[in-house]
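With mmCIF, C-alpha atoms inside, this is upload20.cif:
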data_start
loop_
_atom_site.label_atom_id
_atom_site.label_comp_id
_atom_site.auth_asym_id
_atom_site.auth_seq_id
_atom_site.Cartn_x
_atom_site.Cartn_y
_atom_site.Cartn_z
CA MET S 22 0.91 18.98 2.21
CA GLU S 23 0.51 19.15 -1.53
CA PRO S 24 -1.23 16.05 -2.91
CA ILE S 25 0.22 14.72 -6.15
CA LEU S 26 -2.46 12.10 -6.59
CA GLU S 27 -6.00 12.16 -5.30
CA ILE S 28 -8.55 9.39 -5.75
CA ASN S 29 -12.16 9.82 -4.69
CA GLY S 30 -14.82 7.12 -4.68
CA LEU S 31 -13.20 5.00 -7.37
CA ASN S 32 -15.17 1.95 -8.51
CA LYS S 33 -14.48 -0.73 -11.05
CA GLN S 34 -16.38 -3.93 -11.64
CA LEU S 35 -14.43 -6.67 -13.37
CA ASP S 36 -15.12 -10.36 -13.85
CA GLY S 37 -15.43 -11.74 -10.34
CA PHE S 38 -13.77 -8.70 -8.83
CA HIS S 39 -14.99 -5.39 -7.52
CA LEU S 40 -12.77 -2.44 -6.67
CA GLN S 41 -14.92 -0.63 -4.16
CA ASP S 42 -15.03 3.03 -3.33
CA VAL S 43 -11.28 3.60 -3.20
CA ASN S 44 -10.12 6.87 -1.66
CA LEU S 45 -6.45 7.79 -1.64
CA VAL S 46 -4.36 10.91 -1.17
CA VAL S 47 -0.67 10.79 -2.03
CA PRO S 48 1.49 13.68 -0.78
CA LYS S 49 4.37 15.00 -2.83
CA GLY S 50 7.96 14.09 -2.02
CA TYR S 51 7.47 10.67 -0.46
CA ILE S 52 7.53 6.97 -1.23
CA ILE S 53 4.14 5.30 -1.06
CA GLY S 54 3.80 1.54 -1.01
CA ILE S 55 0.64 -0.21 -2.08
CA ILE S 56 0.52 -3.65 -0.54
CA GLY S 57 -1.94 -6.52 -0.51
CA PRO S 58 -2.26 -10.16 -1.50
CA ASN S 59 -2.39 -11.17 -5.16
CA GLY S 60 -5.72 -10.25 -6.71
CA ALA S 61 -6.47 -7.62 -4.06
CA GLY S 62 -6.77 -4.78 -6.59
CA LYS S 63 -3.30 -3.19 -6.60
CA THR S 64 -2.73 -3.50 -10.34
CA THR S 65 -6.32 -2.57 -11.14
CA THR S 66 -5.96 0.64 -9.12
CA ILE S 67 -2.72 1.53 -10.90
CA LYS S 68 -4.20 0.77 -14.32
CA LEU S 69 -7.16 2.98 -13.52
CA ILE S 70 -4.85 5.85 -12.51
CA MET S 71 -3.01 5.45 -15.82
CA ASN S 72 -6.35 5.20 -17.65
CA LEU S 73 -5.34 1.82 -19.07
CA LEU S 74 -8.63 0.58 -17.70
CA ARG S 75 -11.85 2.55 -17.84
CA LYS S 76 -13.23 3.41 -14.41
CA ASP S 77 -16.93 2.86 -13.66
CA SER S 78 -17.16 5.86 -11.36
CA GLY S 79 -15.07 8.13 -9.17
CA GLU S 80 -12.53 10.88 -9.59
CA ILE S 81 -8.80 10.68 -10.09
CA SER S 82 -6.56 13.72 -10.28
CA VAL S 83 -2.83 13.71 -10.83
CA PHE S 84 -0.79 16.92 -10.30
CA GLY S 85 -4.16 18.48 -9.50
CA GLN S 86 -5.56 17.69 -12.96
CA ASP S 87 -8.20 15.22 -14.11
CA HIS S 88 -6.42 12.08 -15.27
CA ILE S 89 -8.50 11.65 -18.43
CA GLN S 90 -9.03 15.25 -19.50
CA PHE S 91 -5.30 16.00 -19.14
CA GLU S 92 -4.03 12.50 -19.83
CA LYS S 93 -1.34 13.55 -22.32
CA GLU S 94 0.10 16.33 -20.16
CA ILE S 95 0.04 14.18 -17.06
CA LYS S 96 1.77 11.24 -18.68
CA GLN S 97 4.68 13.46 -19.72
CA ARG S 98 5.39 13.85 -16.04
CA ILE S 99 4.96 10.21 -15.00
CA GLY S 100 7.52 7.44 -15.23
CA PHE S 101 5.75 4.12 -15.40
CA VAL S 102 7.18 0.67 -14.73
CA TYR S 103 4.75 -2.09 -15.39
CA ASP S 104 5.17 -5.71 -14.31
CA GLU S 105 4.46 -7.06 -17.77
CA ASN S 106 6.64 -6.15 -20.69
CA HIS S 107 5.00 -3.72 -23.07
CA PHE S 108 7.91 -2.96 -25.41
CA TYR S 109 8.89 -4.20 -28.85
CA GLU S 110 10.27 -7.67 -28.21
CA GLN S 111 11.85 -8.07 -31.65
CA LEU S 112 13.83 -4.85 -31.37
CA SER S 113 16.97 -4.04 -29.42
CA ILE S 114 17.14 -1.81 -26.37
CA ASP S 115 18.47 1.06 -28.43
CA GLU S 116 15.83 0.66 -31.13
CA ASN S 117 13.13 0.63 -28.48
CA ARG S 118 14.62 3.78 -27.02
CA ARG S 119 14.52 5.48 -30.44
CA ILE S 120 10.82 4.73 -30.78
CA ILE S 121 9.82 5.68 -27.23
CA ALA S 122 11.99 8.74 -26.58
CA PRO S 123 10.26 11.12 -29.05
CA PHE S 124 6.99 10.77 -27.12
CA TYR S 125 8.54 12.68 -24.24
CA GLU S 126 9.15 16.41 -24.45
CA ASN S 127 11.75 16.32 -21.69
CA TRP S 128 13.60 13.23 -22.85
CA ASP S 129 17.26 13.33 -21.82
CA ASN S 130 19.55 10.93 -23.70
CA GLN S 131 22.43 11.61 -21.36
CA VAL S 132 20.44 10.45 -18.35
CA PHE S 133 19.26 7.39 -20.25
CA HIS S 134 22.81 6.41 -21.16
CA ASP S 135 23.98 6.96 -17.61
CA TYR S 136 21.39 4.43 -16.45
CA VAL S 137 22.29 2.03 -19.27
CA LYS S 138 25.84 2.10 -17.97
CA LYS S 139 24.85 1.85 -14.36
CA PHE S 140 22.57 -1.14 -15.03
CA ASP S 141 24.96 -2.83 -17.50
CA LEU S 142 22.26 -2.96 -20.17
CA PRO S 143 23.31 -4.47 -23.52
CA LEU S 144 22.11 -1.82 -25.97
CA ARG S 145 22.13 -4.09 -29.02
CA LYS S 146 20.40 -7.07 -27.54
CA LYS S 147 16.82 -7.78 -28.54
CA LEU S 148 14.29 -7.38 -25.74
CA LYS S 149 13.11 -10.97 -26.11
CA ASP S 150 16.62 -12.17 -25.23
CA LEU S 151 16.82 -10.21 -21.99
CA SER S 152 16.25 -11.71 -18.57
CA HIS S 153 13.33 -10.53 -16.49
CA GLY S 154 15.65 -8.44 -14.33
CA MET S 155 17.23 -6.77 -17.36
CA LYS S 156 13.82 -5.91 -18.80
CA THR S 157 12.80 -4.32 -15.52
CA LYS S 158 16.03 -2.33 -15.46
CA PHE S 159 15.36 -1.17 -19.01
CA ALA S 160 11.82 -0.11 -18.09
CA LEU S 161 13.22 1.73 -15.10
CA ALA S 162 15.87 3.50 -17.20
CA LEU S 163 13.11 4.69 -19.56
CA ALA S 164 10.93 5.82 -16.68
CA LEU S 165 13.74 7.86 -15.17
CA SER S 166 14.97 9.52 -18.38
CA HIS S 167 12.32 12.12 -19.00
CA GLN S 168 12.39 14.09 -15.78
CA ALA S 169 9.29 12.42 -14.41
CA GLU S 170 8.11 13.83 -11.10
CA LEU S 171 5.92 10.86 -10.30
CA ILE S 172 7.25 7.33 -10.65
CA ILE S 173 4.58 4.63 -10.63
CA MET S 174 5.74 1.05 -10.45
CA ASP S 175 3.58 -2.02 -10.49
CA GLU S 176 5.32 -4.96 -8.83
CA PRO S 177 8.79 -3.86 -9.96
CA THR S 178 10.55 -6.29 -7.66
CA SER S 179 8.54 -9.45 -8.30
CA GLY S 180 10.70 -12.25 -9.65
CA LEU S 181 13.92 -10.33 -9.02
CA ASP S 182 16.81 -11.34 -6.85
CA PRO S 183 17.72 -9.56 -3.61
CA VAL S 184 20.74 -7.88 -5.19
CA PHE S 185 18.61 -6.10 -7.76
CA ARG S 186 15.90 -5.32 -5.24
CA ARG S 187 18.47 -3.59 -3.07
CA GLU S 188 19.80 -1.70 -6.09
CA LEU S 189 16.30 -0.50 -6.87
CA LEU S 190 15.80 0.70 -3.32
CA ASP S 191 19.08 2.62 -3.57
CA ILE S 192 17.93 4.29 -6.78
CA LEU S 193 14.62 5.25 -5.20
CA ALA S 194 16.35 6.59 -2.10
CA GLY S 195 18.58 8.60 -4.44
CA LEU S 196 15.53 10.10 -6.14
CA MET S 197 14.15 11.14 -2.78
CA GLN S 198 17.12 13.42 -2.11
CA ASP S 199 15.05 16.35 -3.26
CA ASP S 200 11.39 16.73 -2.40
CA LYS S 201 10.30 16.98 -6.03
CA HIS S 202 9.92 13.27 -6.68
CA THR S 203 7.13 11.00 -5.56
CA VAL S 204 7.20 7.25 -5.92
CA ILE S 205 4.17 4.95 -5.87
CA PHE S 206 5.15 1.34 -5.75
CA SER S 207 2.97 -1.77 -5.51
CA THR S 208 4.34 -5.03 -4.23
CA HIS S 209 3.55 -8.17 -2.38
CA ILE S 210 7.16 -8.52 -1.24
CA THR S 211 6.78 -6.24 1.72
CA SER S 212 10.24 -6.52 3.21
CA ASP S 213 11.35 -4.23 0.36
CA LEU S 214 9.02 -1.56 1.53
CA GLU S 215 9.13 -1.88 5.22
CA ARG S 216 12.22 0.24 5.49
CA ILE S 217 12.00 2.95 2.88
CA ALA S 218 8.29 3.60 2.35
CA ASP S 219 6.90 6.67 4.07
CA TYR S 220 3.27 5.72 3.59
CA ILE S 221 1.65 2.33 3.17
CA CYS S 222 -1.74 1.69 1.63
CA PHE S 223 -3.12 -1.76 2.19
CA ILE S 224 -5.68 -3.03 -0.28
CA ASN S 225 -7.59 -6.24 0.34
CA GLN S 226 -10.48 -7.69 -1.68
CA GLY S 227 -10.94 -4.50 -3.68
CA GLN S 228 -11.04 -2.19 -0.67
CA VAL S 229 -8.54 0.07 1.01
CA VAL S 230 -8.04 -1.35 4.51
CA PHE S 231 -5.77 1.49 5.62
CA CYS S 232 -3.47 4.18 4.30
CA ASP S 233 -1.12 5.63 6.87
CA ILE S 234 2.42 6.67 7.75
CA MET S 235 4.42 3.47 7.99
CA ASP S 236 5.79 4.19 11.44
CA ASN S 237 2.24 4.65 12.73
CA ILE S 238 1.21 1.31 11.26
CA LEU S 239 4.13 -0.55 12.75
CA GLU S 240 3.41 1.07 16.09
CA LYS S 241 -0.28 0.29 16.04
CA TYR S 242 -0.29 -3.35 15.02
CA ARG S 243 0.96 -6.24 17.12
CA VAL S 244 0.83 -10.00 16.89
CA VAL S 245 -0.84 -11.27 20.04
CA LYS S 246 -0.27 -14.73 21.43
CA GLY S 247 -1.79 -16.33 24.47
CA GLU S 248 -3.76 -19.13 26.07
CA ARG S 249 -6.93 -20.35 24.42
CA ALA S 250 -9.05 -19.56 27.48
CA MET S 251 -8.52 -15.86 26.71
CA LEU S 252 -10.71 -16.21 23.64
CA ALA S 253 -13.81 -16.59 25.84
CA ASN S 254 -13.52 -12.88 26.66
CA GLN S 255 -15.55 -10.97 24.08
CA THR S 256 -14.07 -7.55 24.78
CA PHE S 257 -10.72 -9.10 24.09
CA THR S 258 -11.61 -11.00 20.92
CA ALA S 259 -13.31 -7.91 19.50
CA MET S 260 -9.83 -6.38 19.26
CA LEU S 261 -8.36 -9.28 17.30
CA SER S 262 -8.38 -10.34 13.69
CA GLY S 263 -7.24 -13.44 11.86
CA VAL S 264 -7.24 -15.59 14.99
CA ILE S 265 -5.56 -18.98 14.59
CA VAL S 266 -6.09 -21.47 17.36
CA ASN S 267 -3.90 -24.49 17.89
CA GLN S 268 -3.91 -27.08 20.65
CA TYR S 269 -1.77 -25.04 22.98
CA GLY S 270 -2.76 -21.47 22.37
CA PHE S 271 -3.79 -18.84 19.85
CA GLU S 272 -2.22 -16.20 17.63
CA ALA S 273 -3.87 -13.14 16.16
CA LEU S 274 -3.32 -9.62 14.93
CA THR S 275 -4.49 -6.53 16.74
CA GLY S 276 -4.71 -2.94 15.65
CA GLN S 277 -5.38 -1.89 19.25
CA SER S 278 -2.11 -2.79 20.90
CA THR S 279 -2.32 0.01 23.46
CA ASN S 280 -5.74 -1.14 24.68
CA ILE S 281 -4.60 -4.72 24.96
CA GLN S 282 -1.42 -3.59 26.69
CA LYS S 283 -3.54 -1.72 29.21
CA SER S 284 -6.11 -4.37 30.05
CA PHE S 285 -4.59 -7.74 29.25
CA LYS S 286 -0.88 -7.09 29.56
CA ASP S 287 -0.04 -9.91 31.96
CA ARG S 288 -2.05 -12.54 30.18
CA VAL S 289 -0.82 -12.26 26.59
CA MET S 290 2.42 -11.88 24.73
CA MET S 291 2.75 -9.18 22.11
CA GLU S 292 5.27 -8.97 19.33
CA LYS S 293 6.00 -6.42 16.64
CA ALA S 294 3.97 -7.13 13.52
CA THR S 295 5.63 -6.94 10.13
CA LEU S 296 3.71 -5.77 7.08
CA ASP S 297 3.61 -9.42 6.04
CA ASP S 298 1.93 -10.30 9.32
CA ILE S 299 -0.60 -7.55 8.79
CA ILE S 300 -1.44 -8.78 5.28
CA LEU S 301 -1.57 -12.39 6.36
CA TYR S 302 -3.82 -12.00 9.39
CA THR S 303 -6.07 -9.44 7.74
CA ALA S 304 -6.51 -11.51 4.59
CA ARG S 305 -7.57 -14.36 6.84
CA GLY S 306 -10.21 -12.00 8.17
CA ASN S 307 -12.91 -12.83 10.71
CA GLY S 308 -12.36 -9.79 12.89
CA ASN S 309 -12.70 -6.08 13.02
CA ALA S 310 -9.41 -4.99 14.51
CA MET P 5 28.33 10.55 13.76
CA ASN P 6 27.47 6.87 14.17
CA ILE P 7 24.02 5.41 13.86
CA ILE P 8 23.28 1.73 13.89
CA ILE P 9 19.74 0.60 13.29
CA SER P 10 18.49 -2.69 14.62
CA ASN P 11 15.49 -4.29 12.97
CA SER P 12 14.89 -6.65 15.83
CA SER P 13 14.91 -3.99 18.55
CA SER P 14 11.59 -3.32 20.19
CA ASP P 15 12.31 0.41 19.94
CA PRO P 16 10.87 2.06 16.84
CA ILE P 17 13.52 3.21 14.36
CA TYR P 18 12.99 6.94 14.97
CA GLU P 19 13.62 6.34 18.65
CA GLN P 20 16.83 4.45 17.94
CA ILE P 21 18.08 7.42 15.94
CA TYR P 22 16.92 9.85 18.63
CA LYS P 23 18.69 7.94 21.39
CA GLN P 24 21.93 7.49 19.50
CA ILE P 25 22.26 11.13 18.45
CA LYS P 26 21.29 12.30 21.91
CA GLN P 27 23.85 10.01 23.49
CA GLN P 28 26.59 11.29 21.20
CA ILE P 29 25.70 14.87 22.05
CA MET P 30 25.64 14.16 25.78
CA ARG P 31 29.01 12.44 25.60
CA GLY P 32 30.45 15.36 23.68
CA GLU P 33 31.18 13.27 20.58
CA LEU P 34 28.97 15.64 18.66
CA GLN P 35 29.85 19.23 19.45
CA ALA P 36 27.65 22.29 19.46
CA GLY P 37 27.45 23.83 16.02
CA GLU P 38 28.28 20.61 14.21
CA ILE P 39 26.12 20.14 11.14
CA LEU P 40 23.94 17.06 10.92
CA PRO P 41 23.13 15.33 7.64
CA SER P 42 19.88 16.42 6.01
CA ILE P 43 16.77 14.41 6.80
CA ARG P 44 16.69 13.03 3.27
CA LEU P 45 20.37 12.13 3.17
CA LEU P 46 20.19 10.34 6.49
CA ALA P 47 17.14 8.41 5.27
CA LYS P 48 19.00 7.36 2.14
CA GLU P 49 22.12 6.30 3.99
CA LEU P 50 20.22 4.26 6.56
CA GLN P 51 17.76 2.95 3.96
CA ILE P 52 14.79 4.08 5.97
CA SER P 53 11.85 6.32 5.30
CA VAL P 54 12.11 10.10 5.20
CA ILE P 55 9.24 10.46 7.65
CA THR P 56 11.14 8.33 10.18
CA THR P 57 14.27 10.51 10.15
CA LYS P 58 12.09 13.61 10.16
CA ARG P 59 10.39 12.45 13.32
CA ALA P 60 13.72 11.71 15.03
CA TYR P 61 14.99 15.21 14.19
CA GLU P 62 11.74 16.82 15.30
CA GLU P 63 11.97 15.17 18.71
CA LEU P 64 15.66 16.06 19.08
CA GLU P 65 14.74 19.63 18.27
CA ARG P 66 11.82 19.64 20.69
CA ASP P 67 14.14 18.47 23.47
CA GLY P 68 16.73 21.11 22.67
CA PHE P 69 19.50 18.86 21.37
CA ILE P 70 19.53 20.16 17.85
CA ALA P 71 18.33 23.25 16.04
CA THR P 72 17.11 23.61 12.49
CA VAL P 73 17.57 26.69 10.38
CA GLY P 74 15.34 26.78 7.32
CA GLY P 75 17.38 26.27 4.17
CA LYS P 76 20.59 25.57 6.07
CA GLY P 77 19.79 22.31 7.77
CA SER P 78 20.13 21.01 11.30
CA PHE P 79 23.02 21.31 13.68
CA VAL P 80 23.87 20.41 17.25
CA ALA P 81 22.48 23.05 19.60
CA GLU P 82 24.51 24.79 22.28
CA GLN P 83 24.05 22.66 25.39
CA ASN P 84 23.51 24.18 28.75
CA VAL P 85 26.19 22.53 30.94
CA GLU P 86 24.05 22.56 34.07
CA LEU P 87 21.15 21.13 32.16
CA LEU P 88 23.32 18.47 30.63
CA LEU P 89 24.57 17.37 34.03
CA GLU P 90 21.03 17.34 35.31
CA ARG P 91 19.99 15.21 32.34
CA LYS P 92 22.82 12.76 32.88
CA ARG P 93 21.78 12.39 36.49
CA GLN P 94 18.16 11.97 35.49
CA PHE P 95 19.16 9.30 33.01
CA ILE P 96 21.05 7.28 35.63
CA GLU P 97 18.31 7.83 38.17
CA ASP P 98 15.76 6.31 35.80
CA LYS P 99 17.94 3.26 35.30
CA ILE P 100 18.43 2.85 39.04
CA ALA P 101 14.72 3.17 39.63
CA GLN P 102 14.20 0.26 37.28
CA LEU P 103 16.83 -1.76 39.11
CA VAL P 104 15.26 -1.00 42.47
CA ALA P 105 11.89 -2.16 41.22
CA GLU P 106 13.40 -5.37 39.83
CA GLY P 107 15.34 -5.90 43.03
CA LYS P 108 12.21 -5.55 45.13
CA THR P 109 10.25 -8.07 43.08
CA LEU P 110 13.14 -10.49 43.42
CA ASN P 111 13.45 -9.84 47.18
CA ILE P 112 16.98 -8.50 47.06
CA SER P 113 17.85 -6.28 49.99
CA LEU P 114 19.25 -2.76 49.74
CA GLU P 115 22.50 -3.93 51.33
CA GLU P 116 22.90 -6.68 48.77
CA MET P 117 22.21 -4.29 45.92
CA LEU P 118 24.66 -1.72 47.24
CA GLU P 119 27.27 -4.41 47.53
CA MET P 120 26.74 -5.47 43.94
CA LEU P 121 26.77 -1.89 42.72
CA THR P 122 30.01 -1.10 44.52
CA LEU P 123 31.65 -4.22 43.23
CA LEU P 124 30.59 -3.62 39.64
CA TYR P 125 31.50 0.07 39.75
CA ARG P 126 35.04 -0.70 40.97
CA GLU P 127 35.52 -3.53 38.51
CA GLY P 128 34.37 -1.51 35.49
#
Would you mind writing the file's structure down as C-alpha cells?
Amino acid sequence: MEPILEINGLNKQLDGFHLQDVNLVVPKGYIIGIIGPNGAGKTTTIKLIMNLLRKDSGEISVFGQDHIQFEKEIKQRIGFVYDENHFYEQLSIDENRRIIAPFYENWDNQVFHDYVKKFDLPLRKKLKDLSHGMKTKFALALALSHQAELIIMDEPTSGLDPVFRRELLDILAGLMQDDKHTVIFSTHITSDLERIADYICFINQGQVVFCDIMDNILEKYRVVKGERAMLANQTFTAMLSGVIVNQYGFEALTGQSTNIQKSFKDRVMMEKATLDDIILYTARGNGNA
Amino acid sequence: MNIIISNSSSDPIYEQIYKQIKQQIMRGELQAGEILPSIRLLAKELQISVITTKRAYEELERDGFIATVGGKGSFVAEQNVELLLERKRQFIEDKIAQLVAEGKTLNISLEEMLEMLTLLYREG
C-alpha cells in the first residue's frame, strides 16, 4: 500500500490546546474521514499538513516528499476545501477564478466550467452575495479543476443541507472510480462518512484515539446496556468507556465486544455503535476501552 | 443483479452483499461467466466504502462463487452442480438446526414440529 500522506510524531502547542504526538498513514486511492468533537484538533492537523500553521515538531510527508521543503510542488497536486472562505469577497466567481487559476500548472478551464454548470454557480455574482452552500461548491469546483490527486477538505459539509451533502458524497464517490484519487475529509457530521469512508481517524483532545478501516471499527465497537449491578464487576467495567448510569440501568461503549459477548452475553444487551456513539462515549471518557 | 443494503441490519454491509450475490448465483439468477460490476463502481452505486465491496468480493472469491482476472474484473465462476446442491442442502440444514434448537428450548415435540413443517410446506 502506497502512502500518500505520512505524519510522524507531530506536535503543536496552541493557546489552551496541545496536539500531541500525532501519527497517521493515509493510503492512496481511498476516502479517509477525520472525526472528533469540535476543538479536538481536526482543523489544526489539516492546517499543519498544509503548512498554514507552523508545527513545533514532527515529520509530515505528502506524495513521499517533505511538506515544507516541497511545499510548492505538493500544493500543485492538492485540492483544498477549507471551512472558512479565503477568496476575494468583492469579486465575482469568474474574477476569482481568473486570479486563482494561473497558480496551477494543470489548470483545466473545461473541467471548471463543467462543475460550474453542474453546481449551478452564478459566474457573475460577487462571492459576498453567495450562500454558504454556494461558496462551498465554488471552493470544491476550484479544488477539482487542476487535476489534484489529493483532495483535502476541512468540514466541507458543516452548515449545509442534506441535499448538498448527498451531492458531495456522489462527487467523491465519482472521484474514487479510479484508484488515483485520495480524499481526506474532516467532519463532525459523521453520518456523511459512515457509508463512504474507507478509513476513519478519530481525534480527541489533541490525540489520535484510533485510525482504522471503517468496517473494523463498526465491528469492534458496541453500545452496551444492562443492569446497574453489573458495574460492580471490575473485569467488566474495565472494558467499558463513557458509562452513564441512570436509575434503572447503565449504558456504555465497549471496544471489546467479542470479549463481552463471550463472558457476559446473557447479562447485557449489545447494539451496533454508530460513529456518533463512539465520539460521544469516548469524549465523555472515564474508561480505557 | 440486485443488491439492497439495510442500515439497520445486524449483519455488516460486506456480509449483506456477500449473501445477496451468493443467493443470486445459487438460484441461477446470475449465470456463470456473467461479469460483475467493478469494486469501485459497486461502491459508488451503493454509496458505501470501496474497502467494504472489496471485502465482499474477496470472500465470494475465496468461497468459489466468483473469480477475478487482473485487469478484466470479476465474473461469476463456473459452479459445480454437485457442490451447489450440497451447499443448498447445507444451507437448509443449518436453518433447521436453528429451528430444532429453538423448538427444544420452547419444549415443542418433534411430532409437533413435523406437523408444522408439513403444513407450512404444503401451504407455501
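For the atom pair formed by atom CA of Phe101 of chain S and atom CA of Ser166 of chain S, the distance is 11.1 Å, given to one decimal.
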Distance-based interface of chain P with chain S, 6 Å, counting only C-alpha atoms, as a CSV table (one decimal) with C-alpha atoms, in the frame of the given file:
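selection_13.csv was written with the following content:
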chain,number,residue,atom,x,y,z
P,44,ARG,CA,16.7,13.0,3.3
P,48,LYS,CA,19.0,7.4,2.1
P,51,GLN,CA,17.8,3.0,4.0
P,52,ILE,CA,14.8,4.1,6.0
P,53,SER,CA,11.8,6.3,5.3
P,55,ILE,CA,9.2,10.5,7.6
Selection in question (the file shown): the PyMOL selection byres ((chain P and resi 5-12) around 7). Which residues does it include, as number ranges by chain? P: 13-14, 17, 20-21, 24
Evaluate the PyMOL selection byres ((chain P and resi 90-94) around 12) on the structure here and hand back the selected residues as a PDB file with C-alpha atoms, in the coordinates of the input.
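And here is the file that came out, out-v2.pdb:
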ATOM      1  CA  LYS P  26      21.290  12.300  21.910  1.00  0.00           C
ATOM      2  CA  GLN P  27      23.850  10.010  23.490  1.00  0.00           C
ATOM      3  CA  ILE P  29      25.700  14.870  22.050  1.00  0.00           C
ATOM      4  CA  MET P  30      25.640  14.160  25.780  1.00  0.00           C
ATOM      5  CA  ARG P  31      29.010  12.440  25.600  1.00  0.00           C
ATOM      6  CA  ASP P  67      14.140  18.470  23.470  1.00  0.00           C
ATOM      7  CA  GLY P  68      16.730  21.110  22.670  1.00  0.00           C
ATOM      8  CA  PHE P  69      19.500  18.860  21.370  1.00  0.00           C
ATOM      9  CA  GLN P  83      24.050  22.660  25.390  1.00  0.00           C
ATOM     10  CA  ASN P  84      23.510  24.180  28.750  1.00  0.00           C
ATOM     11  CA  VAL P  85      26.190  22.530  30.940  1.00  0.00           C
ATOM     12  CA  GLU P  86      24.050  22.560  34.070  1.00  0.00           C
ATOM     13  CA  LEU P  87      21.150  21.130  32.160  1.00  0.00           C
ATOM     14  CA  LEU P  88      23.320  18.470  30.630  1.00  0.00           C
ATOM     15  CA  LEU P  89      24.570  17.370  34.030  1.00  0.00           C
ATOM     16  CA  PHE P  95      19.160   9.300  33.010  1.00  0.00           C
ATOM     17  CA  ILE P  96      21.050   7.280  35.630  1.00  0.00           C
ATOM     18  CA  GLU P  97      18.310   7.830  38.170  1.00  0.00           C
ATOM     19  CA  ASP P  98      15.760   6.310  35.800  1.00  0.00           C
ATOM     20  CA  LYS P  99      17.940   3.260  35.300  1.00  0.00           C
ATOM     21  CA  ILE P 100      18.430   2.850  39.040  1.00  0.00           C
ATOM     22  CA  ALA P 101      14.720   3.170  39.630  1.00  0.00           C
TER      23      ALA P 101
END
If we count only C-alpha atoms and set the cut-off at 10 Å, which residues sit around segment 251-262 of chain S, ignoring sequence neighbours fewer than 3 positions away in its own chain? Please answer as a count of residues only. 33
Please measure the separation of atom CA of Asp287 of chain S and atom CA of Tyr269 of chain S, giving the value in Å to one decimal. 17.7 Å
Pick out the closest residue to Arg66 of chain P from this set: P:Glu119, P:Ala105, P:Asn111, P:Ala81. Count only C-alpha atoms.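 Going through P:Glu119, P:Ala105, P:Asn111, P:Ala81 one by one, the smallest distance to Arg66 of chain P is for P:Ala81.
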Suppose a student applies the PyMOL selection byres ((chain S and resi 71) around 9) to this structure; what residues should they get, written as number ranges by chain? S: 66-70, 72-74, 88-89, 92, 96, 101
What does the file look like for those residues with C-alpha atoms, as a PDB file, in the coordinates of the input?
ATOM      1  CA  THR S  66      -5.960   0.640  -9.120  1.00  0.00           C
ATOM      2  CA  ILE S  67      -2.720   1.530 -10.900  1.00  0.00           C
ATOM      3  CA  LYS S  68      -4.200   0.770 -14.320  1.00  0.00           C
ATOM      4  CA  LEU S  69      -7.160   2.980 -13.520  1.00  0.00           C
ATOM      5  CA  ILE S  70      -4.850   5.850 -12.510  1.00  0.00           C
ATOM      6  CA  ASN S  72      -6.350   5.200 -17.650  1.00  0.00           C
ATOM      7  CA  LEU S  73      -5.340   1.820 -19.070  1.00  0.00           C
ATOM      8  CA  LEU S  74      -8.630   0.580 -17.700  1.00  0.00           C
ATOM      9  CA  HIS S  88      -6.420  12.080 -15.270  1.00  0.00           C
ATOM     10  CA  ILE S  89      -8.500  11.650 -18.430  1.00  0.00           C
ATOM     11  CA  GLU S  92      -4.030  12.500 -19.830  1.00  0.00           C
ATOM     12  CA  LYS S  96       1.770  11.240 -18.680  1.00  0.00           C
ATOM     13  CA  PHE S 101       5.750   4.120 -15.400  1.00  0.00           C
TER      14      PHE S 101
END
Completion step: segment 133-144 of chain S with N, CA and C atoms as a PDB file, in the coordinates of the input:
ATOM      1  N   PHE S 133      19.546   8.768 -19.840  1.00  0.00           N
ATOM      2  CA  PHE S 133      19.260   7.390 -20.250  1.00  0.00           C
ATOM      3  C   PHE S 133      20.555   6.576 -20.335  1.00  0.00           C
ATOM      4  N   HIS S 134      21.564   7.151 -20.995  1.00  0.00           N
ATOM      5  CA  HIS S 134      22.810   6.410 -21.160  1.00  0.00           C
ATOM      6  C   HIS S 134      23.564   6.212 -19.847  1.00  0.00           C
ATOM      7  N   ASP S 135      23.396   7.160 -18.947  1.00  0.00           N
ATOM      8  CA  ASP S 135      23.980   6.960 -17.610  1.00  0.00           C
ATOM      9  C   ASP S 135      23.375   5.732 -16.936  1.00  0.00           C
ATOM     10  N   TYR S 136      22.056   5.592 -17.051  1.00  0.00           N
ATOM     11  CA  TYR S 136      21.390   4.430 -16.450  1.00  0.00           C
ATOM     12  C   TYR S 136      21.770   3.142 -17.163  1.00  0.00           C
ATOM     13  N   VAL S 137      21.888   3.212 -18.504  1.00  0.00           N
ATOM     14  CA  VAL S 137      22.290   2.030 -19.270  1.00  0.00           C
ATOM     15  C   VAL S 137      23.629   1.514 -18.745  1.00  0.00           C
ATOM     16  N   LYS S 138      24.522   2.452 -18.494  1.00  0.00           N
ATOM     17  CA  LYS S 138      25.840   2.100 -17.970  1.00  0.00           C
ATOM     18  C   LYS S 138      25.725   1.518 -16.566  1.00  0.00           C
ATOM     19  N   LYS S 139      25.004   2.243 -15.749  1.00  0.00           N
ATOM     20  CA  LYS S 139      24.850   1.850 -14.360  1.00  0.00           C
ATOM     21  C   LYS S 139      24.232   0.448 -14.229  1.00  0.00           C
ATOM     22  N   PHE S 140      23.263   0.155 -15.094  1.00  0.00           N
ATOM     23  CA  PHE S 140      22.570  -1.140 -15.030  1.00  0.00           C
ATOM     24  C   PHE S 140      23.228  -2.212 -15.895  1.00  0.00           C
ATOM     25  N   ASP S 141      24.316  -1.862 -16.602  1.00  0.00           N
ATOM     26  CA  ASP S 141      24.960  -2.830 -17.500  1.00  0.00           C
ATOM     27  C   ASP S 141      24.014  -3.366 -18.561  1.00  0.00           C
ATOM     28  N   LEU S 142      23.241  -2.492 -19.171  1.00  0.00           N
ATOM     29  CA  LEU S 142      22.260  -2.960 -20.170  1.00  0.00           C
ATOM     30  C   LEU S 142      22.939  -3.125 -21.533  1.00  0.00           C
ATOM     31  N   PRO S 143      22.734  -4.265 -22.190  1.00  0.00           N
ATOM     32  CA  PRO S 143      23.310  -4.470 -23.520  1.00  0.00           C
ATOM     33  C   PRO S 143      22.458  -3.787 -24.584  1.00  0.00           C
ATOM     34  N   LEU S 144      22.922  -2.658 -25.079  1.00  0.00           N
ATOM     35  CA  LEU S 144      22.110  -1.820 -25.970  1.00  0.00           C
ATOM     36  C   LEU S 144      21.632  -2.543 -27.223  1.00  0.00           C
TER      37      LEU S 144
END
